[in-house]
Amino acid sequence: MKTKILKIDPIEPNKAAIGEAADIIKGGGLVVFPTESVYGIGADAFNAKACSDIFKVKGRPSDNPLIVTVASLDQAMEIGDIPGDYLDSIKRVWPCPLTFIVKNITDLPEEVTAGLDTVALRMPAHPVALELIRESGTPIAAPSANLSKKPTAVNAQQALRYFDGKVDCIIDSGPAFFGLESTIIDLRTFQLLRPGPFTIDELEKAFGKRPDPGDVARGSRQADVAIAPGTKYAHYAPDTKLFLYEGDVEDLSKSMRAIEIPQFAFIGSNESCQVMHMTGCQTMALGKRGRPYEIAKGLYDGLIALDSAKVGFGIIESFAEDGIGLAIMNRIRKASSNNTFRGLDGLLGMLQENGLYLDAHSVSRSE
């Protein structure tokens, strides 16, 4: 299969190009397309074979349901039982990076719902995505554009590396705005299942309720059942082993300059990368520490760049969990498999456990 690349302006989409991509969806093909959060890989939500193909090209577990993207609230209400108490609020906030779990009331294929009686619905705030759904004449099932467990593509070039020759078309509309997948809320219980760009504060303002982020939403525990994407399985992880550091970066840099250690890379804020650069490691700067949306937008770029660095392991710093920081830390905890350390001894212990540094205390640079 030859993958076609369509360059489409994100603000004023070319109707003819959108129509070409829509014809692929209508014909049962797969199209990677942009949303305001990340890139998604889409198929006709009512075409069981096409949706099954999504699972095949992603290597996605069959019990991990797909998000269904729609172009209008009316279209969403034909698919899911949206509680009437929330309709006014949804009308105010959609389209946006916010996905709702509701009871399924239509004949969606089991491939979409993973056999559950619920469905995940989202209206993306991106002109290209909305026009593609409208022109296709059908809701589009669209999980994030990544191979299962790997960091999500936030631009067409990353998607092409994952899916060249595996999908029919990739729409290139430049980088996704937020760089993290949508927030997911279960409207039946108003439980936060996955944090994203639509923050807890914004949820409270829009709905008059404030969900408490549990361990699953924080990324420190996996759900027993995947009611929504991003809750049960390992996600967002680079191939290179990654460790999460919770501590002062100045202390870490000083400690690591005092010993001989395998080549590694550090992912963090611009300021922290400047400090860690003194250790001689490679650095992947995500943005300024005081600009969390900049950090969020750069996160997957940093995780993908880690694998290109060809180092023994990576270290990523932690961030405050307020606002979009909760979503950032959810992704980081999952990407690092919760391998967290707070001091040099903790890191050395984890390196030894993973066969990355067997003689932890043998040589110090000061010697």
# chains A, B, ... in the order shown; residues from 1 in each chain; ligands from 1

$ residues_around --residues "region 38-51 of chain A" --least-positions-apart "4" --cutoff "8 Å" --atoms "only C-alpha atoms" --output "MDAnalysis selection string"
chainID A and resid 25:26 28:34 55 68 107:112 138:145 152:156 159 176:181

$ write_last_selection --atoms "N, CA and C atoms" --output "short mmCIF file (atom, residue, chain, number, x, y, z; two decimals), in the first residue's frame"
data_model
loop_
_atom_site.label_atom_id
_atom_site.label_comp_id
_atom_site.auth_asym_id
_atom_site.auth_seq_id
_atom_site.Cartn_x
_atom_site.Cartn_y
_atom_site.Cartn_z
N ILE A 25 -12.33 7.24 3.53
CA ILE A 25 -13.11 6.80 4.68
C ILE A 25 -14.36 6.06 4.22
N LYS A 26 -15.07 6.63 3.25
CA LYS A 26 -16.29 6.00 2.73
C LYS A 26 -16.01 4.62 2.14
N GLY A 28 -13.88 2.49 3.16
CA GLY A 28 -13.38 1.52 4.13
C GLY A 28 -11.89 1.61 4.39
N GLY A 29 -11.27 2.74 4.00
CA GLY A 29 -9.84 2.91 4.21
C GLY A 29 -9.51 3.62 5.51
N LEU A 30 -8.21 3.82 5.74
CA LEU A 30 -7.72 4.47 6.95
C LEU A 30 -7.07 5.80 6.60
N VAL A 31 -7.40 6.83 7.35
CA VAL A 31 -6.85 8.17 7.15
C VAL A 31 -6.32 8.70 8.47
N VAL A 32 -5.07 9.10 8.49
CA VAL A 32 -4.50 9.80 9.65
C VAL A 32 -4.79 11.28 9.46
N PHE A 33 -5.35 11.90 10.48
CA PHE A 33 -5.75 13.31 10.34
C PHE A 33 -5.46 14.08 11.63
N PRO A 34 -5.37 15.40 11.52
CA PRO A 34 -5.03 16.21 12.69
C PRO A 34 -6.26 16.53 13.53
N PHE A 55 -6.95 -1.56 14.60
CA PHE A 55 -6.31 -2.38 15.63
C PHE A 55 -5.09 -3.10 15.07
N VAL A 68 -15.01 7.76 19.22
CA VAL A 68 -15.78 8.09 18.02
C VAL A 68 -15.87 9.61 17.92
N ASP A 107 -25.92 0.63 16.82
CA ASP A 107 -25.31 -0.65 16.45
C ASP A 107 -23.85 -0.48 16.01
N LEU A 108 -23.09 0.21 16.82
CA LEU A 108 -21.66 0.31 16.54
C LEU A 108 -21.02 -1.07 16.58
N PRO A 109 -20.04 -1.33 15.73
CA PRO A 109 -19.36 -2.62 15.76
C PRO A 109 -18.67 -2.86 17.11
N GLU A 110 -18.56 -4.11 17.46
CA GLU A 110 -17.89 -4.47 18.71
C GLU A 110 -16.44 -4.01 18.71
N GLU A 111 -15.85 -3.89 17.52
CA GLU A 111 -14.47 -3.42 17.43
C GLU A 111 -14.34 -2.00 18.01
N VAL A 112 -15.39 -1.21 17.89
CA VAL A 112 -15.35 0.17 18.39
C VAL A 112 -15.56 0.21 19.90
N THR A 138 -20.24 10.23 8.03
CA THR A 138 -20.30 9.21 9.08
C THR A 138 -19.41 9.63 10.23
N PRO A 139 -19.75 9.24 11.45
CA PRO A 139 -18.80 9.42 12.55
C PRO A 139 -17.52 8.65 12.25
N ILE A 140 -16.41 9.16 12.71
CA ILE A 140 -15.12 8.52 12.44
C ILE A 140 -14.51 8.01 13.74
N ALA A 141 -14.28 6.70 13.80
CA ALA A 141 -13.56 6.12 14.93
C ALA A 141 -12.09 6.51 14.80
N ALA A 142 -11.54 7.12 15.84
CA ALA A 142 -10.21 7.68 15.67
C ALA A 142 -9.41 7.67 16.97
N PRO A 143 -8.68 6.59 17.24
CA PRO A 143 -7.73 6.62 18.35
C PRO A 143 -6.50 7.43 17.95
N SER A 144 -5.61 7.64 18.88
CA SER A 144 -4.42 8.43 18.58
C SER A 144 -3.53 7.72 17.57
N ALA A 145 -2.81 8.51 16.80
CA ALA A 145 -1.96 7.98 15.74
C ALA A 145 -0.60 7.58 16.31
N THR A 152 2.53 9.27 21.00
CA THR A 152 1.58 9.64 19.94
C THR A 152 2.19 10.66 18.98
N ALA A 153 1.86 10.52 17.71
CA ALA A 153 2.30 11.48 16.70
C ALA A 153 1.58 12.81 16.90
N VAL A 154 2.34 13.89 16.92
CA VAL A 154 1.76 15.22 17.04
C VAL A 154 1.97 16.02 15.76
N ASN A 155 2.52 15.37 14.73
CA ASN A 155 2.62 15.98 13.41
C ASN A 155 2.63 14.87 12.37
N ALA A 156 2.49 15.25 11.12
CA ALA A 156 2.36 14.26 10.05
C ALA A 156 3.63 13.46 9.83
N ALA A 159 3.69 10.64 12.24
CA ALA A 159 2.69 9.66 11.83
C ALA A 159 3.19 8.84 10.65
N ALA A 176 -0.06 19.52 15.89
CA ALA A 176 -1.24 19.62 16.74
C ALA A 176 -1.01 20.73 17.76
N PHE A 177 -2.08 21.39 18.16
CA PHE A 177 -1.94 22.56 19.02
C PHE A 177 -1.54 22.20 20.45
N PHE A 178 -2.22 21.23 21.06
CA PHE A 178 -1.95 20.91 22.46
C PHE A 178 -0.85 19.88 22.65
N GLY A 179 -0.80 18.85 21.82
CA GLY A 179 0.24 17.85 21.93
C GLY A 179 -0.05 16.72 22.89
N LEU A 180 -1.23 16.72 23.54
CA LEU A 180 -1.65 15.63 24.41
C LEU A 180 -3.08 15.24 24.07
N GLU A 181 -3.42 13.96 24.26
CA GLU A 181 -4.74 13.47 23.93
C GLU A 181 -5.82 14.14 24.78
#

$ select_by_dssp --residues "region 202-304 of chain A" --states "helix (DSSP H, G or I)" --output "JSON, numbers by chain"
{"A": [202, 203, 204, 205, 206, 207, 215, 216, 217, 218, 249, 250, 251, 252, 253, 254, 255, 256, 257, 270, 271, 272, 273, 274, 275, 276, 277, 278, 279, 292, 293, 294, 295, 296, 297, 298, 299, 300, 301, 302, 303, 304]}

$ select_by_dssp --residues "region 192-355 of chain A" --states "strand (DSSP E or B)" --output "compact mmCIF listing (two decimals) with C-alpha atoms, in the first residue's frame"
# COMPACT_ATOMS: atom_id res chain seq x y z
CA LEU A 192 -12.14 11.62 35.35
CA LEU A 193 -10.64 8.71 33.41
CA ARG A 194 -7.87 10.47 31.53
CA LEU A 242 12.91 5.89 30.94
CA PHE A 243 13.10 6.87 34.61
CA LEU A 244 11.15 9.62 36.34
CA TYR A 245 13.07 11.92 38.70
CA ILE A 259 30.50 9.41 39.05
CA PHE A 264 22.03 8.84 29.03
CA ALA A 265 19.64 11.56 27.96
CA PHE A 266 17.61 14.00 30.04
CA ILE A 267 14.13 15.28 29.16
CA GLY A 268 12.80 18.34 30.93
CA GLN A 282 22.13 14.63 25.76
CA THR A 283 19.14 16.83 26.53
CA MET A 284 15.63 17.15 25.07
CA ALA A 285 14.19 20.52 26.11
CA PHE A 313 18.51 5.18 29.23
CA GLY A 314 16.61 8.40 29.72
CA ILE A 315 15.67 10.51 32.74
CA ILE A 316 12.63 12.79 32.72
CA GLU A 317 11.84 15.34 35.39
CA THR A 340 10.43 6.79 39.90
CA PHE A 341 13.51 7.79 41.90

$ residues_around --residues "region 58-64 of chain A" --least-positions-apart "5" --cutoff "10 Å" --atoms "only C-alpha atoms" --output "number ranges by chain"
A: 41, 52-53, 110-116, 143-150, 162-163, 166, 225-233

$ write_last_selection --atoms "C-alpha atoms" --output "PDB file, in the first residue's frame"
ATOM      1  CA  ILE A  41      -5.977   7.389  12.794  1.00  0.00           C
ATOM      2  CA  SER A  52     -10.541  -3.824  12.809  1.00  0.00           C
ATOM      3  CA  ASP A  53      -7.794  -2.576  10.493  1.00  0.00           C
ATOM      4  CA  GLU A 110     -17.888  -4.473  18.705  1.00  0.00           C
ATOM      5  CA  GLU A 111     -14.468  -3.416  17.431  1.00  0.00           C
ATOM      6  CA  VAL A 112     -15.354   0.173  18.390  1.00  0.00           C
ATOM      7  CA  THR A 113     -16.897  -0.470  21.807  1.00  0.00           C
ATOM      8  CA  ALA A 114     -14.704  -3.460  22.766  1.00  0.00           C
ATOM      9  CA  GLY A 115     -17.931  -5.266  23.623  1.00  0.00           C
ATOM     10  CA  LEU A 116     -18.913  -2.730  26.293  1.00  0.00           C
ATOM     11  CA  PRO A 143      -7.729   6.615  18.346  1.00  0.00           C
ATOM     12  CA  SER A 144      -4.418   8.433  18.584  1.00  0.00           C
ATOM     13  CA  ALA A 145      -1.957   7.982  15.738  1.00  0.00           C
ATOM     14  CA  ASN A 146       0.705   5.816  17.311  1.00  0.00           C
ATOM     15  CA  LEU A 147       1.788   2.227  17.486  1.00  0.00           C
ATOM     16  CA  SER A 148       0.370   0.619  20.600  1.00  0.00           C
ATOM     17  CA  LYS A 149       2.246   1.688  23.761  1.00  0.00           C
ATOM     18  CA  LYS A 150       4.372   4.247  21.858  1.00  0.00           C
ATOM     19  CA  TYR A 162       4.649   4.896  12.224  1.00  0.00           C
ATOM     20  CA  PHE A 163       2.263   4.206   9.356  1.00  0.00           C
ATOM     21  CA  LYS A 166       0.058   0.854   6.443  1.00  0.00           C
ATOM     22  CA  VAL A 225     -11.216  -2.732  32.486  1.00  0.00           C
ATOM     23  CA  ALA A 226     -10.506  -0.301  29.661  1.00  0.00           C
ATOM     24  CA  ILE A 227     -13.707   1.750  29.742  1.00  0.00           C
ATOM     25  CA  ALA A 228     -11.767   4.430  27.884  1.00  0.00           C
ATOM     26  CA  PRO A 229      -8.492   4.638  25.951  1.00  0.00           C
ATOM     27  CA  GLY A 230      -5.376   5.342  27.977  1.00  0.00           C
ATOM     28  CA  THR A 231      -6.593   3.731  31.199  1.00  0.00           C
ATOM     29  CA  LYS A 232      -5.653   0.032  31.212  1.00  0.00           C
ATOM     30  CA  TYR A 233      -2.486  -0.578  29.235  1.00  0.00           C
TER      31      TYR A 233
END

$ residues_around --residues "Leu344 (chain A)" --least-positions-apart "5" --cutoff "9 Å" --atoms "only C-alpha atoms" --output "MDAnalysis selection string"
chainID A and resid 252 255:256 349

$ atom_distance --atom1 "CA of Ile261 (chain A)" --atom2 "CA of His277 (chain A)"
14.4 Å

$ residues_around --residues "region 82-90 of chain A" --least-positions-apart "2" --cutoff "7 Å" --atoms "only C-alpha atoms" --output "CSV table (one decimal) with N, CA and C atoms, in the first residue's frame"
chain,number,residue,atom,x,y,z
A,77,MET,N,-25.7,12.5,19.7
A,77,MET,CA,-26.9,12.0,20.4
A,77,MET,C,-27.5,10.8,19.7
A,80,GLY,N,-24.9,8.0,21.3
A,80,GLY,CA,-24.9,7.8,22.7
A,80,GLY,C,-26.0,8.5,23.5
A,92,ARG,N,-22.0,24.4,25.2
A,92,ARG,CA,-21.1,25.5,25.4
A,92,ARG,C,-19.6,25.2,25.2
A,93,VAL,N,-19.2,23.9,25.5
A,93,VAL,CA,-17.8,23.6,25.4
A,93,VAL,C,-17.4,22.9,24.1
A,94,TRP,N,-18.2,22.1,23.6
A,94,TRP,CA,-17.9,21.5,22.3
A,94,TRP,C,-17.9,22.4,21.1
A,102,VAL,N,-20.5,7.6,27.5
A,102,VAL,CA,-21.9,7.5,27.7
A,102,VAL,C,-22.4,6.1,27.3
A,206,ALA,N,-17.4,24.6,33.7
A,206,ALA,CA,-18.4,24.3,32.7
A,206,ALA,C,-19.6,23.4,33.2
A,207,PHE,N,-19.3,22.5,34.2
A,207,PHE,CA,-20.3,21.6,34.6
A,207,PHE,C,-20.8,21.8,36.0

$ atom_distance --atom1 "CA of Asp117 (chain A)" --atom2 "CA of Ile79 (chain A)"
11.5 Å

$ residues_around --residues "Leu348 (chain A)" --least-positions-apart "3" --cutoff "8 Å" --atoms "only C-alpha atoms" --output "ChimeraX atom specification"
/A:344-345,351-352,357,360

$ write_last_selection --atoms "N, CA and C atoms" --output "CSV table (one decimal), in the first residue's frame"
chain,number,residue,atom,x,y,z
A,344,LEU,N,20.3,9.7,43.8
A,344,LEU,CA,21.2,9.0,43.0
A,344,LEU,C,21.2,7.5,43.3
A,345,ASP,N,21.1,7.1,44.6
A,345,ASP,CA,21.1,5.7,45.0
A,345,ASP,C,19.9,5.0,44.4
A,351,LEU,N,18.9,1.1,37.7
A,351,LEU,CA,19.8,0.8,36.6
A,351,LEU,C,20.3,-0.7,36.8
A,352,GLN,N,20.7,-1.0,38.0
A,352,GLN,CA,21.2,-2.4,38.2
A,352,GLN,C,20.1,-3.4,38.0
A,357,TYR,N,23.5,-1.0,34.6
A,357,TYR,CA,24.7,-0.4,35.3
A,357,TYR,C,25.0,-1.4,36.4
A,360,ALA,N,27.7,-0.3,40.2
A,360,ALA,CA,27.1,1.0,40.5
A,360,ALA,C,28.1,2.0,41.2

$ atom_distance --atom1 "CA of Ala258 (chain A)" --atom2 "CA of Glu246 (chain A)"
19.6 Å

$ closest_residue --among "A:Met123, A:Ala22, A:Ile170, A:Met278" --to "Ser136 (chain A)" --atoms "only C-alpha atoms"
A:Ala22

$ residues_around --residues "Ala237 (chain A)" --least-positions-apart "4" --cutoff "10 Å" --atoms "only C-alpha atoms" --output "MDAnalysis selection string"
chainID A and resid 148:152 241:242 300 303:304 331:337

$ write_last_selection --atoms "N, CA and C atoms" --output "PDB file, in the first residue's frame"
ATOM      1  N   SER A 148       0.800   0.892  19.241  1.00  0.00           N
ATOM      2  CA  SER A 148       0.370   0.619  20.600  1.00  0.00           C
ATOM      3  C   SER A 148       1.541   0.731  21.575  1.00  0.00           C
ATOM      4  N   LYS A 149       1.309   1.461  22.662  1.00  0.00           N
ATOM      5  CA  LYS A 149       2.246   1.688  23.761  1.00  0.00           C
ATOM      6  C   LYS A 149       3.270   2.773  23.463  1.00  0.00           C
ATOM      7  N   LYS A 150       3.339   3.286  22.222  1.00  0.00           N
ATOM      8  CA  LYS A 150       4.372   4.247  21.858  1.00  0.00           C
ATOM      9  C   LYS A 150       3.859   5.687  21.939  1.00  0.00           C
ATOM     10  N   PRO A 151       4.765   6.669  21.986  1.00  0.00           N
ATOM     11  CA  PRO A 151       4.340   8.068  22.021  1.00  0.00           C
ATOM     12  C   PRO A 151       3.495   8.425  20.807  1.00  0.00           C
ATOM     13  N   THR A 152       2.526   9.274  20.998  1.00  0.00           N
ATOM     14  CA  THR A 152       1.583   9.642  19.944  1.00  0.00           C
ATOM     15  C   THR A 152       2.194  10.659  18.982  1.00  0.00           C
ATOM     16  N   LYS A 241      14.660   2.778  27.829  1.00  0.00           N
ATOM     17  CA  LYS A 241      14.190   2.764  29.216  1.00  0.00           C
ATOM     18  C   LYS A 241      14.188   4.182  29.781  1.00  0.00           C
ATOM     19  N   LEU A 242      13.079   4.528  30.431  1.00  0.00           N
ATOM     20  CA  LEU A 242      12.909   5.887  30.938  1.00  0.00           C
ATOM     21  C   LEU A 242      12.632   5.858  32.430  1.00  0.00           C
ATOM     22  N   TYR A 300       5.729  14.711  23.656  1.00  0.00           N
ATOM     23  CA  TYR A 300       5.886  13.554  22.775  1.00  0.00           C
ATOM     24  C   TYR A 300       7.055  13.727  21.817  1.00  0.00           C
ATOM     25  N   LEU A 303       9.909  12.487  23.870  1.00  0.00           N
ATOM     26  CA  LEU A 303       9.923  11.036  24.035  1.00  0.00           C
ATOM     27  C   LEU A 303      10.336  10.337  22.742  1.00  0.00           C
ATOM     28  N   ILE A 304       9.866  10.851  21.619  1.00  0.00           N
ATOM     29  CA  ILE A 304      10.250  10.263  20.336  1.00  0.00           C
ATOM     30  C   ILE A 304      11.731  10.515  20.049  1.00  0.00           C
ATOM     31  N   ARG A 331       0.952  11.203  31.486  1.00  0.00           N
ATOM     32  CA  ARG A 331       1.691  10.641  30.347  1.00  0.00           C
ATOM     33  C   ARG A 331       3.103  10.241  30.760  1.00  0.00           C
ATOM     34  N   ILE A 332       3.739  11.051  31.604  1.00  0.00           N
ATOM     35  CA  ILE A 332       5.107  10.743  32.016  1.00  0.00           C
ATOM     36  C   ILE A 332       5.149   9.479  32.866  1.00  0.00           C
ATOM     37  N   ARG A 333       4.212   9.339  33.798  1.00  0.00           N
ATOM     38  CA  ARG A 333       4.200   8.137  34.630  1.00  0.00           C
ATOM     39  C   ARG A 333       3.992   6.884  33.782  1.00  0.00           C
ATOM     40  N   LYS A 334       3.104   6.983  32.801  1.00  0.00           N
ATOM     41  CA  LYS A 334       2.880   5.828  31.942  1.00  0.00           C
ATOM     42  C   LYS A 334       4.096   5.560  31.057  1.00  0.00           C
ATOM     43  N   ALA A 335       4.700   6.611  30.521  1.00  0.00           N
ATOM     44  CA  ALA A 335       5.860   6.441  29.644  1.00  0.00           C
ATOM     45  C   ALA A 335       7.044   5.836  30.392  1.00  0.00           C
ATOM     46  N   SER A 336       7.145   6.118  31.696  1.00  0.00           N
ATOM     47  CA  SER A 336       8.255   5.610  32.504  1.00  0.00           C
ATOM     48  C   SER A 336       7.888   4.357  33.281  1.00  0.00           C
ATOM     49  N   SER A 337       6.656   3.845  33.064  1.00  0.00           N
ATOM     50  CA  SER A 337       6.167   2.678  33.809  1.00  0.00           C
ATOM     51  C   SER A 337       6.290   2.880  35.314  1.00  0.00           C
TER      52      SER A 337
END

$ closest_residue --among "A:Asp239, A:Asp186, A:Asp164, A:Asp23" --to "Arg134 (chain A)" --atoms "only C-alpha atoms"
A:Asp23

$ closest_residue --among "A:Pro211, A:Gly312, A:Gly137, A:Gly343" --to "Lys254 (chain A)" --atoms "only C-alpha atoms"
A:Gly343
